[in-house]
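Data from entry_26.csv: CSV, C-alpha atoms
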```csv
chain,number,residue,atom,x,y,z
A,205,MET,CA,54.7,121.6,173.0
A,206,THR,CA,54.6,118.0,174.3
A,207,THR,CA,58.0,116.6,175.1
A,208,THR,CA,59.2,113.1,174.6
A,209,CYS,CA,59.3,112.6,178.4
A,210,GLU,CA,55.6,113.4,178.6
A,211,THR,CA,54.5,111.2,175.7
A,212,SER,CA,56.4,108.0,176.1
A,213,THR,CA,54.8,104.9,177.6
A,214,GLU,CA,58.0,104.2,179.4
A,215,THR,CA,57.8,107.5,181.1
A,216,ARG,CA,54.2,107.2,182.0
A,217,ARG,CA,54.9,103.9,183.8
A,218,GLY,CA,57.9,105.5,185.6
A,219,ARG,CA,60.4,103.1,184.2
A,220,GLY,CA,64.0,103.8,183.5
A,221,PRO,CA,67.4,103.6,185.2
A,222,GLY,CA,67.2,104.8,188.8
A,223,LEU,CA,63.8,106.4,188.3
A,224,GLY,CA,60.3,105.2,189.4
A,225,HIS,CA,61.9,102.0,190.7
A,226,PRO,CA,63.0,100.7,194.1
A,227,ARG,CA,66.7,101.1,193.0
A,228,LEU,CA,67.1,103.9,195.5
A,229,LEU,CA,66.1,101.7,198.4
A,230,PRO,CA,69.5,99.7,198.8
A,231,TRP,CA,71.1,103.0,199.8
A,232,LEU,CA,69.1,102.9,203.0
A,233,LEU,CA,71.7,100.4,204.2
A,234,LEU,CA,73.9,103.5,204.9
A,235,ALA,CA,71.6,104.2,207.9
A,236,MET,CA,71.9,100.7,209.5
A,237,GLY,CA,74.1,102.2,212.2
A,238,ALA,CA,71.2,104.4,213.3
A,239,PHE,CA,68.9,101.3,213.5
A,240,SER,CA,71.6,99.5,215.5
A,241,ASN,CA,71.9,102.4,218.0
A,242,LEU,CA,68.1,102.4,218.4
A,243,PHE,CA,67.8,98.7,219.0
A,244,GLN,CA,70.8,98.6,221.3
A,245,GLY,CA,69.3,101.3,223.5
A,246,THR,CA,72.1,103.8,223.1
A,247,THR,CA,69.8,106.5,221.6
A,248,PRO,CA,68.1,108.9,224.0
A,249,ASN,CA,64.4,109.1,223.7
A,250,PRO,CA,64.1,106.0,221.5
A,251,TRP,CA,60.4,106.5,220.7
A,252,VAL,CA,61.3,109.9,219.2
A,253,GLY,CA,64.2,108.4,217.3
A,254,GLY,CA,62.0,105.5,216.1
A,255,ALA,CA,59.3,107.9,214.9
A,256,GLY,CA,62.0,109.9,213.1
A,257,LEU,CA,63.3,106.8,211.4
A,258,LEU,CA,59.8,105.7,210.4
A,259,ALA,CA,59.1,109.2,208.9
A,260,PHE,CA,62.4,109.4,207.1
A,261,ASN,CA,62.1,105.9,205.5
A,262,SER,CA,58.5,106.4,204.6
A,263,VAL,CA,59.2,109.7,202.7
A,264,TYR,CA,62.3,108.2,201.1
A,265,VAL,CA,60.4,105.2,199.9
A,266,PHE,CA,57.6,107.5,198.6
A,267,LEU,CA,60.2,109.4,196.5
A,268,ALA,CA,61.8,106.2,195.3
A,269,PHE,CA,58.5,105.0,193.8
A,270,THR,CA,57.0,108.2,192.6
A,271,THR,CA,60.0,109.9,190.9
A,272,HIS,CA,59.6,110.0,187.1
A,273,PRO,CA,61.8,111.0,184.1
A,274,CYS,CA,62.2,114.7,183.5
A,275,GLY,CA,60.6,115.5,186.8
A,276,GLY,CA,57.3,116.1,185.0
A,277,ARG,CA,54.8,114.3,187.2
A,278,ASP,CA,53.6,115.4,190.6
A,279,ALA,CA,56.6,117.8,190.9
A,280,VAL,CA,55.0,119.8,193.7
A,281,THR,CA,54.1,116.8,195.7
A,282,ARG,CA,57.7,115.4,195.4
A,283,ARG,CA,59.2,118.7,196.4
A,284,VAL,CA,57.0,119.0,199.4
A,285,ALA,CA,58.1,115.4,200.3
A,286,LEU,CA,61.8,116.4,199.8
A,287,GLY,CA,61.3,119.3,202.2
A,288,LEU,CA,59.8,117.1,204.8
A,289,LEU,CA,62.7,114.6,204.3
A,290,ALA,CA,65.2,117.5,204.8
A,291,ALA,CA,63.4,118.6,208.1
A,292,VAL,CA,63.4,115.0,209.5
A,293,THR,CA,67.1,114.6,208.5
A,294,CYS,CA,68.2,117.8,210.2
A,295,ALA,CA,66.2,117.0,213.4
A,296,LEU,CA,67.6,113.5,213.7
A,297,ALA,CA,71.2,114.6,212.9
A,298,VAL,CA,71.2,117.6,215.2
A,299,ALA,CA,69.6,115.6,218.1
A,300,TYR,CA,71.8,112.4,217.8
A,301,GLY,CA,74.9,112.9,215.6
A,302,GLY,CA,77.1,109.9,215.1
A,303,ASP,CA,75.6,107.3,212.7
A,304,TRP,CA,72.5,109.5,212.3
A,305,LEU,CA,74.6,112.0,210.3
A,306,LEU,CA,74.6,109.4,207.4
A,307,TYR,CA,71.1,110.5,206.6
A,308,PHE,CA,72.5,113.6,205.0
A,309,PRO,CA,74.1,111.7,202.1
A,310,LEU,CA,70.7,110.0,201.6
A,311,LEU,CA,69.1,113.4,201.6
A,312,GLY,CA,71.6,114.5,198.9
A,313,LEU,CA,70.8,111.4,196.8
A,314,ALA,CA,67.0,112.2,197.0
A,315,THR,CA,67.8,115.8,196.1
A,316,GLY,CA,69.7,114.8,193.0
A,317,VAL,CA,66.8,112.6,191.9
A,318,VAL,CA,63.9,115.0,192.5
A,319,LEU,CA,65.4,118.3,191.3
A,320,ARG,CA,66.8,119.5,188.0
A,321,GLY,CA,68.9,122.4,186.8
A,322,ARG,CA,69.3,125.5,189.0
A,323,PRO,CA,67.0,124.4,191.8
A,324,LEU,CA,69.3,121.3,192.1
A,325,LEU,CA,72.4,123.4,192.4
A,326,ALA,CA,70.9,125.8,194.9
A,327,VAL,CA,69.2,123.1,197.1
A,328,GLY,CA,72.2,120.7,196.8
A,329,ALA,CA,74.5,123.4,198.0
A,330,VAL,CA,72.3,124.2,201.0
A,331,VAL,CA,71.9,120.5,201.9
A,332,THR,CA,75.7,120.0,201.7
A,333,ALA,CA,76.4,123.1,203.7
A,334,VAL,CA,73.9,122.2,206.4
A,335,GLY,CA,75.1,118.6,206.5
A,336,GLY,CA,78.7,119.7,206.8
A,337,GLY,CA,77.8,122.2,209.5
A,338,VAL,CA,75.9,119.7,211.7
A,339,ALA,CA,78.6,117.1,211.2
A,340,TRP,CA,81.3,119.7,212.3
A,341,TYR,CA,79.1,120.6,215.3
A,342,HIS,CA,79.2,117.0,216.5
A,343,ASP,CA,82.6,115.7,215.2
A,344,GLY,CA,84.7,118.7,214.4
A,345,TRP,CA,86.9,118.4,211.3
A,346,ALA,CA,86.1,114.7,211.1
A,347,GLY,CA,82.6,115.9,209.9
A,348,LEU,CA,84.1,116.8,206.6
A,349,ASP,CA,83.4,113.2,205.5
A,350,ILE,CA,79.7,113.9,205.7
A,351,LEU,CA,80.0,117.1,203.8
A,352,TYR,CA,81.9,115.4,201.0
A,353,ALA,CA,79.6,112.4,200.9
A,354,THR,CA,76.5,114.6,200.8
A,355,ALA,CA,77.9,116.7,197.9
A,356,VAL,CA,79.0,113.7,195.9
A,357,SER,CA,75.7,111.8,196.4
A,358,ALA,CA,73.7,114.8,195.1
A,359,LEU,CA,75.9,115.6,192.1
A,360,VAL,CA,76.6,112.0,191.0
A,361,THR,CA,73.0,111.0,191.3
A,362,ALA,CA,71.9,114.1,189.3
A,363,THR,CA,74.4,113.3,186.6
A,364,ILE,CA,73.3,109.7,186.3
A,365,VAL,CA,69.7,110.7,186.2
A,366,ARG,CA,70.4,113.3,183.5
A,367,LEU,CA,72.2,110.7,181.4
A,368,ALA,CA,69.3,108.4,181.8
A,369,ASP,CA,66.9,111.1,180.7
A,370,THR,CA,69.1,111.9,177.7
A,371,VAL,CA,69.2,108.2,176.7
A,372,ARG,CA,65.4,108.0,177.0
A,373,GLU,CA,64.9,111.2,175.0
A,374,LEU,CA,67.2,109.9,172.2
A,375,ARG,CA,65.3,106.6,172.1
A,376,GLU,CA,62.0,108.6,171.8
A,377,ALA,CA,63.5,110.8,169.1
A,378,ARG,CA,64.6,107.7,167.2
A,379,ARG,CA,61.1,106.2,167.4
A,380,GLU,CA,59.6,109.5,166.3
A,381,LEU,CA,61.9,109.8,163.3
A,382,ALA,CA,61.1,106.2,162.3
A,383,ARG,CA,57.4,106.9,162.6
A,384,ARG,CA,57.7,110.1,160.5
A,385,ALA,CA,59.7,108.2,157.9
A,386,VAL,CA,57.0,105.6,157.6
A,387,GLU,CA,54.3,108.3,157.2
A,388,GLU,CA,56.3,110.2,154.6
A,389,GLU,CA,56.8,106.9,152.6
A,390,ARG,CA,53.1,106.1,152.8
A,391,LEU,CA,52.3,109.6,151.6
A,392,ARG,CA,54.8,109.4,148.7
A,393,PHE,CA,53.4,106.1,147.6
A,394,SER,CA,49.8,107.2,147.8
A,395,ARG,CA,50.6,110.3,145.7
A,396,ASP,CA,52.5,108.3,143.1
A,397,LEU,CA,49.8,105.6,142.9
A,398,HIS,CA,47.1,108.2,142.5
A,399,ASP,CA,49.0,110.1,139.8
A,400,LEU,CA,50.1,107.0,137.9
A,401,LEU,CA,46.8,105.1,137.9
A,402,GLY,CA,44.6,108.2,137.4
A,403,HIS,CA,46.5,109.2,134.3
A,404,THR,CA,47.0,105.7,132.9
A,405,MET,CA,43.4,104.6,133.3
A,406,SER,CA,42.2,107.8,131.7
A,407,VAL,CA,44.5,107.3,128.7
A,408,ILE,CA,43.4,103.6,128.4
A,409,VAL,CA,39.7,104.6,128.5
A,410,VAL,CA,40.1,107.3,125.9
A,411,LYS,CA,42.1,105.1,123.6
A,412,SER,CA,39.7,102.2,124.0
A,413,GLU,CA,36.8,104.5,123.0
A,414,ALA,CA,38.8,105.8,120.0
A,415,ALA,CA,39.6,102.2,119.0
A,416,ARG,CA,35.9,101.2,119.3
A,417,ARG,CA,34.9,104.1,117.1
A,418,LEU,CA,37.6,103.4,114.5
A,419,VAL,CA,37.0,99.6,114.1
A,420,PRO,CA,34.2,99.9,111.5
A,421,LEU,CA,35.9,102.9,109.8
A,422,ASP,CA,39.7,102.2,109.8
A,423,THR,CA,40.9,98.9,111.1
A,424,GLU,CA,44.6,99.9,110.9
A,425,ALA,CA,44.0,103.1,113.0
A,426,ALA,CA,42.0,101.0,115.5
A,427,LEU,CA,44.9,98.5,115.8
A,428,ALA,CA,47.3,101.4,116.3
A,429,GLN,CA,45.1,102.6,119.2
A,430,VAL,CA,45.1,99.0,120.7
A,431,THR,CA,48.9,98.9,120.3
A,432,ASP,CA,49.1,102.2,122.2
A,433,ILE,CA,46.8,100.8,124.9
A,434,GLU,CA,49.2,97.8,125.3
A,435,ALA,CA,52.2,100.1,125.5
A,436,VAL,CA,50.5,102.3,128.0
A,437,GLY,CA,49.7,99.3,130.1
A,438,ARG,CA,53.2,98.0,130.0
A,439,GLN,CA,54.6,101.4,130.9
A,440,ALA,CA,52.1,101.7,133.8
A,441,LEU,CA,53.3,98.3,135.2
A,442,THR,CA,56.9,99.5,135.0
A,443,GLU,CA,56.1,102.8,136.7
A,444,ILE,CA,54.1,101.2,139.5
A,445,ARG,CA,57.0,98.9,140.2
A,446,GLU,CA,59.3,101.9,140.4
A,447,ALA,CA,56.8,103.7,142.6
A,448,VAL,CA,56.8,100.8,145.0
A,449,THR,CA,60.5,100.7,145.3
A,450,GLY,CA,60.8,104.5,145.4
A,451,TYR,CA,63.1,104.8,142.4
A,452,ARG,CA,60.7,106.4,139.9
A,453,GLU,CA,62.3,109.3,138.1
A,454,GLY,CA,60.1,110.7,135.4
A,455,SER,CA,61.1,112.5,132.2
A,456,LEU,CA,59.4,115.8,131.2
A,457,ASP,CA,59.9,115.0,127.5
A,458,ALA,CA,58.3,111.6,127.9
A,459,GLU,CA,55.4,113.1,129.8
A,460,LEU,CA,54.9,115.6,127.0
A,461,ASP,CA,54.8,112.9,124.4
A,462,ARG,CA,52.3,111.0,126.4
A,463,ALA,CA,50.2,114.1,126.9
A,464,ARG,CA,50.1,114.7,123.1
A,465,SER,CA,49.0,111.1,122.5
A,466,ALA,CA,46.4,111.2,125.2
A,467,LEU,CA,45.0,114.5,124.1
A,468,ALA,CA,44.9,113.6,120.5
A,469,ALA,CA,43.1,110.3,121.3
A,470,ALA,CA,40.5,112.3,123.3
A,471,GLY,CA,39.9,114.6,120.3
A,472,VAL,CA,41.7,117.5,122.0
A,473,VAL,CA,44.3,119.4,119.9
A,474,PRO,CA,47.6,119.5,121.8
A,475,VAL,CA,49.8,122.6,121.5
A,476,VAL,CA,53.2,122.3,123.3
A,477,ARG,CA,55.8,125.1,123.4
A,478,ARG,CA,59.1,125.2,125.3
A,479,SER,CA,61.6,128.0,125.7
A,480,GLY,CA,64.6,128.8,127.8
A,481,PRO,CA,67.3,126.5,129.4
A,482,ALA,CA,66.5,123.0,130.4
A,483,PRO,CA,65.7,122.8,134.2
A,484,GLY,CA,67.4,120.4,136.6
A,485,PRO,CA,66.5,116.7,136.8
A,486,ARG,CA,64.3,117.0,139.9
A,487,THR,CA,62.5,120.1,138.5
A,488,GLU,CA,61.8,118.2,135.3
A,489,VAL,CA,60.4,115.3,137.4
A,490,LEU,CA,58.0,117.7,139.2
A,491,LEU,CA,57.0,119.5,136.0
A,492,GLY,CA,56.3,116.1,134.5
A,493,TRP,CA,54.0,115.2,137.4
A,494,VAL,CA,52.1,118.5,136.8
A,495,VAL,CA,51.8,117.8,133.1
A,496,ARG,CA,50.5,114.3,133.8
A,497,GLU,CA,47.9,115.5,136.3
A,498,ALA,CA,46.8,118.5,134.4
A,499,VAL,CA,46.3,116.6,131.1
A,500,THR,CA,44.5,113.8,132.9
A,501,ASN,CA,42.0,116.4,134.2
A,502,VAL,CA,41.6,117.9,130.7
A,503,VAL,CA,40.9,114.5,129.2
A,504,ARG,CA,38.5,113.4,131.9
A,505,HIS,CA,36.7,116.6,132.9
A,506,SER,CA,37.1,119.6,130.7
A,507,GLY,CA,35.2,118.8,127.4
A,508,ALA,CA,37.9,120.9,125.7
A,509,ARG,CA,38.8,121.0,122.0
A,510,ARG,CA,42.3,122.5,122.5
A,511,CYS,CA,44.9,122.2,125.3
A,512,GLU,CA,48.0,124.4,125.4
A,513,ILE,CA,51.1,123.4,127.4
A,514,VAL,CA,53.8,126.1,127.7
A,515,ILE,CA,57.1,125.7,129.5
A,516,GLU,CA,59.2,128.8,130.0
A,517,ALA,CA,62.5,129.0,131.9
A,518,ASP,CA,65.1,131.7,132.7
A,519,GLY,CA,68.2,131.5,134.8
A,520,GLU,CA,66.3,131.1,138.1
A,521,ARG,CA,62.7,129.9,137.6
A,522,ALA,CA,60.8,127.5,135.4
A,523,ARG,CA,57.2,128.1,134.7
A,524,LEU,CA,54.7,125.6,133.3
A,525,THR,CA,51.2,126.6,132.2
A,526,VAL,CA,48.5,124.1,131.1
A,527,THR,CA,45.4,125.8,129.7
A,528,ASP,CA,42.3,124.3,128.0
A,529,ASP,CA,39.3,125.9,126.3
A,530,GLY,CA,36.7,123.7,128.0
A,531,ASP,CA,33.8,124.8,130.2
A,532,GLY,CA,36.1,125.0,133.2
A,533,THR,CA,34.2,122.4,135.3
A,534,ARG,CA,36.1,120.0,137.5
A,535,ALA,CA,34.4,117.1,139.3
A,536,ASP,CA,37.0,115.2,141.3
A,537,GLY,CA,40.1,116.5,139.5
A,538,GLY,CA,39.8,120.3,139.9
A,539,ALA,CA,41.6,122.8,142.1
A,540,ASP,CA,40.3,121.0,145.2
A,541,GLY,CA,41.1,117.5,143.9
A,542,THR,CA,43.4,115.1,145.6
A,543,GLY,CA,45.8,115.1,142.7
A,544,LEU,CA,46.4,118.8,142.6
A,545,ARG,CA,46.5,119.1,146.4
A,546,GLY,CA,49.3,116.4,146.4
A,547,LEU,CA,51.1,118.3,143.6
A,548,ALA,CA,50.9,121.5,145.5
A,549,GLU,CA,52.6,119.8,148.5
A,550,ARG,CA,55.3,118.3,146.3
A,551,LEU,CA,56.1,121.7,144.7
A,552,ALA,CA,56.0,123.5,148.0
A,553,ALA,CA,58.6,121.1,149.4
A,554,ALA,CA,60.9,122.0,146.5
A,555,ASP,CA,60.4,125.8,146.9
A,556,GLY,CA,57.8,125.9,144.1
A,557,THR,CA,54.2,127.0,143.8
A,558,LEU,CA,51.1,125.6,142.1
A,559,GLY,CA,48.1,127.8,141.0
A,560,THR,CA,44.8,126.8,139.5
A,561,GLY,CA,41.8,128.7,138.2
A,562,ARG,CA,39.9,129.9,135.1
A,563,GLY,CA,42.1,130.9,132.2
A,564,ASP,CA,41.7,134.1,130.2
A,565,GLY,CA,39.7,132.3,127.5
A,566,GLY,CA,37.3,130.8,130.0
A,567,GLY,CA,38.8,127.4,130.3
A,568,PHE,CA,40.8,126.0,133.2
A,569,GLU,CA,44.4,126.8,133.9
A,570,VAL,CA,47.2,125.2,135.9
A,571,VAL,CA,50.3,127.2,136.6
A,572,ALA,CA,53.4,125.7,138.3
A,573,GLU,CA,56.7,127.5,139.1
A,574,LEU,CA,59.9,125.9,140.3
A,575,PRO,CA,63.5,126.9,140.7
A,576,VAL,CA,65.5,125.9,137.6
A,577,ARG,CA,68.3,124.5,139.8
A,578,GLU,CA,66.5,123.0,142.8
A,579,PRO,CA,68.0,122.3,146.2
A,580,ALA,CA,69.7,118.9,146.5
A,581,ALA,CA,67.3,117.8,149.2
A,582,ALA,CA,64.1,118.8,147.4
A,583,ALA,CA,61.3,116.3,147.9
A,584,VAL,CA,59.6,114.7,145.0
```
Could I get this structure in the form of structure tokens?
Amino acid sequence: MTTTCETSTETRRGRGPGLGHPRLLPWLLLAMGAFSNLFQGTTPNPWVGGAGLLAFNSVYVFLAFTTHPCGGRDAVTRRVALGLLAAVTCALAVAYGGDWLLYFPLLGLATGVVLRGRPLLAVGAVVTAVGGGVAWYHDGWAGLDILYATAVSALVTATIVRLADTVRELREARRELARRAVEEERLRFSRDLHDLLGHTMSVIVVKSEAARRLVPLDTEAALAQVTDIEAVGRQALTEIREAVTGYREGSLDAELDRARSALAAAGVVPVVRRSGPAPGPRTEVLLGWVVREAVTNVVRHSGARRCEIVIEADGERARLTVTDDGDGTRADGGADGTGLRGLAERLAAADGTLGTGRGDGGGFEVVAELPVREPAAAAV
């Protein structure tokens, strides 16, 4: 699994407090005494000392510019460099003592930056012990200052680095949560828009055809169909506004009334039966979506003469069955259609199920089951 430290642009560029930046470099001022001894000629074998200083500073600068958050990039290379830095530090401190012992706190700082977790504790303890031992060898009990400085530099640096990593991970988590929230809102809106417009346009088309057929036969009936078209259009505008703002809460009874009207206008005999206790509000909303999508498919694709909608509920589950007596064909609205796939996802998020297939009478059947009292956080 990819971590936030591996995916963030900030991490890839090596940015962050104390990491992948020259912020470690000012601490090299602790070793100015060694430079002074070298230039003043008080250091034996100055060429050896100079080479040691060059090696130490080169490796230290390398670690300062290549250390990245979470220790994820080039970890082996950095650990090898840390080992080389430790070897150079020990050689210089053992050979010269005095101001050269101050390289041990710098080694502790590099250890705290490069390593994490148990390796840090183990290596930090060894570095502290070695630094204290070499300092005691040269200065006796006065060398305890070096032991203390080495331990503090390793632990404090590791703590600061860990806090920086935590802040970075929290920022990445916040960005990820925001991204997912946007994706979920887009998905919700696309589902709502599909279900709303698909059903509404189907009803308008069916009622327009009915009005056209009725005009030469029954003007009043045709006007009633036109009035229904106007009402459906106004209702669709209201529902689309609610879908945009995310506050749409459908009503199962209203969806059943619309289903009866749409089926009747399409020449399909609607049969609606309900039994058992009324489900919770969210469950009713989801069942209303299923009724809307299933009836839209019946009107558009089934060629059915009869459609039966049965809602049954007990103390735990509510079951909705929509069955037609058509030929069972589905073009873009069948079991593999976008609408039913979206409904299946909605119901699954609310601990429900959606099944589709041929009914016992040869038509098409949609079966939805949901808890009567759904969880408070159920998604719609």
Can you tell me, as number ranges by chain, what residues are no more than 12 Å from A:Asp564 when counting only C-alpha atoms, ignoring any on the same chain fewer than 2 positions away?
A: 527-530, 532, 561-562, 566-570
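Nearest to A:Val475 of all the residues A:Thr525, A:Thr431, A:Ser412, A:Ser406 is A:Thr525, counting all atoms listed in the file.
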Near A:Arg523, counting all atoms listed in the file, which residues have an atom at most 12 Å away, once you skip same-chain residues fewer than 3 positions from it, shown as a PyMOL selection string?
chain A and resi 477-483+487-488+490-491+494-495+513-520+526+551+556-559+570-576
What does the distance between atom CA of A:Thr404 and atom CA of A:Glu549 come to in Å, to one decimal place?
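Separating atom CA of A:Thr404 from atom CA of A:Glu549 is a distance of 21.8 Å.
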Best match for closeness to A:Leu310 among A:Arg322, A:Val330, A:Arg282, A:Ala355, counting only C-alpha atoms:
A:Ala355
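Neighbouring residues of A:Glu413 at 12 Å or closer, counting all atoms listed in the file and skipping chain neighbours under 5 positions away, are Ser406, Val407, Ile408, Leu418, Val419, Ala426, Gln429, Val430, Ile433, Ala466, Ala469, Ala470 and Gly471 of chain A.
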Excluding A:Leu311 and residues on its chain fewer than 3 positions from it, collect all residues at most 8 Å away from it, counting all atoms listed in the file, and give them as a PyMOL selection string.
chain A and resi 289-290+293+307-308+314-315+331+354
Shortest interatomic distance to A:Arg496 - which of A:Gly484, A:Pro309, A:Gly316, A:Gly543, counting only C-alpha atoms
A:Gly543
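If you look at atom CA of A:Arg486 and atom CA of A:Glu512, they are 23.0 Å away from each other.
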Find, counting all atoms listed in the file, the residue in A:Val298, A:Ala285, A:Val252, A:Ala368 that gets nearest to A:Tyr264.
A:Ala285
For A:Glu459, which residue among A:Val327, A:Gly492, A:Val473, A:Glu376 is the nearest when counting all atoms listed in the file?
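For A:Glu459, the nearest of the given residues is A:Gly492.
Of the residues under consideration (A:Thr500, A:Thr560, A:Ser394, A:Ser455), A:Thr500 shows the shortest atom-to-atom contact distance to A:Leu467 when counting all atoms listed in the file.
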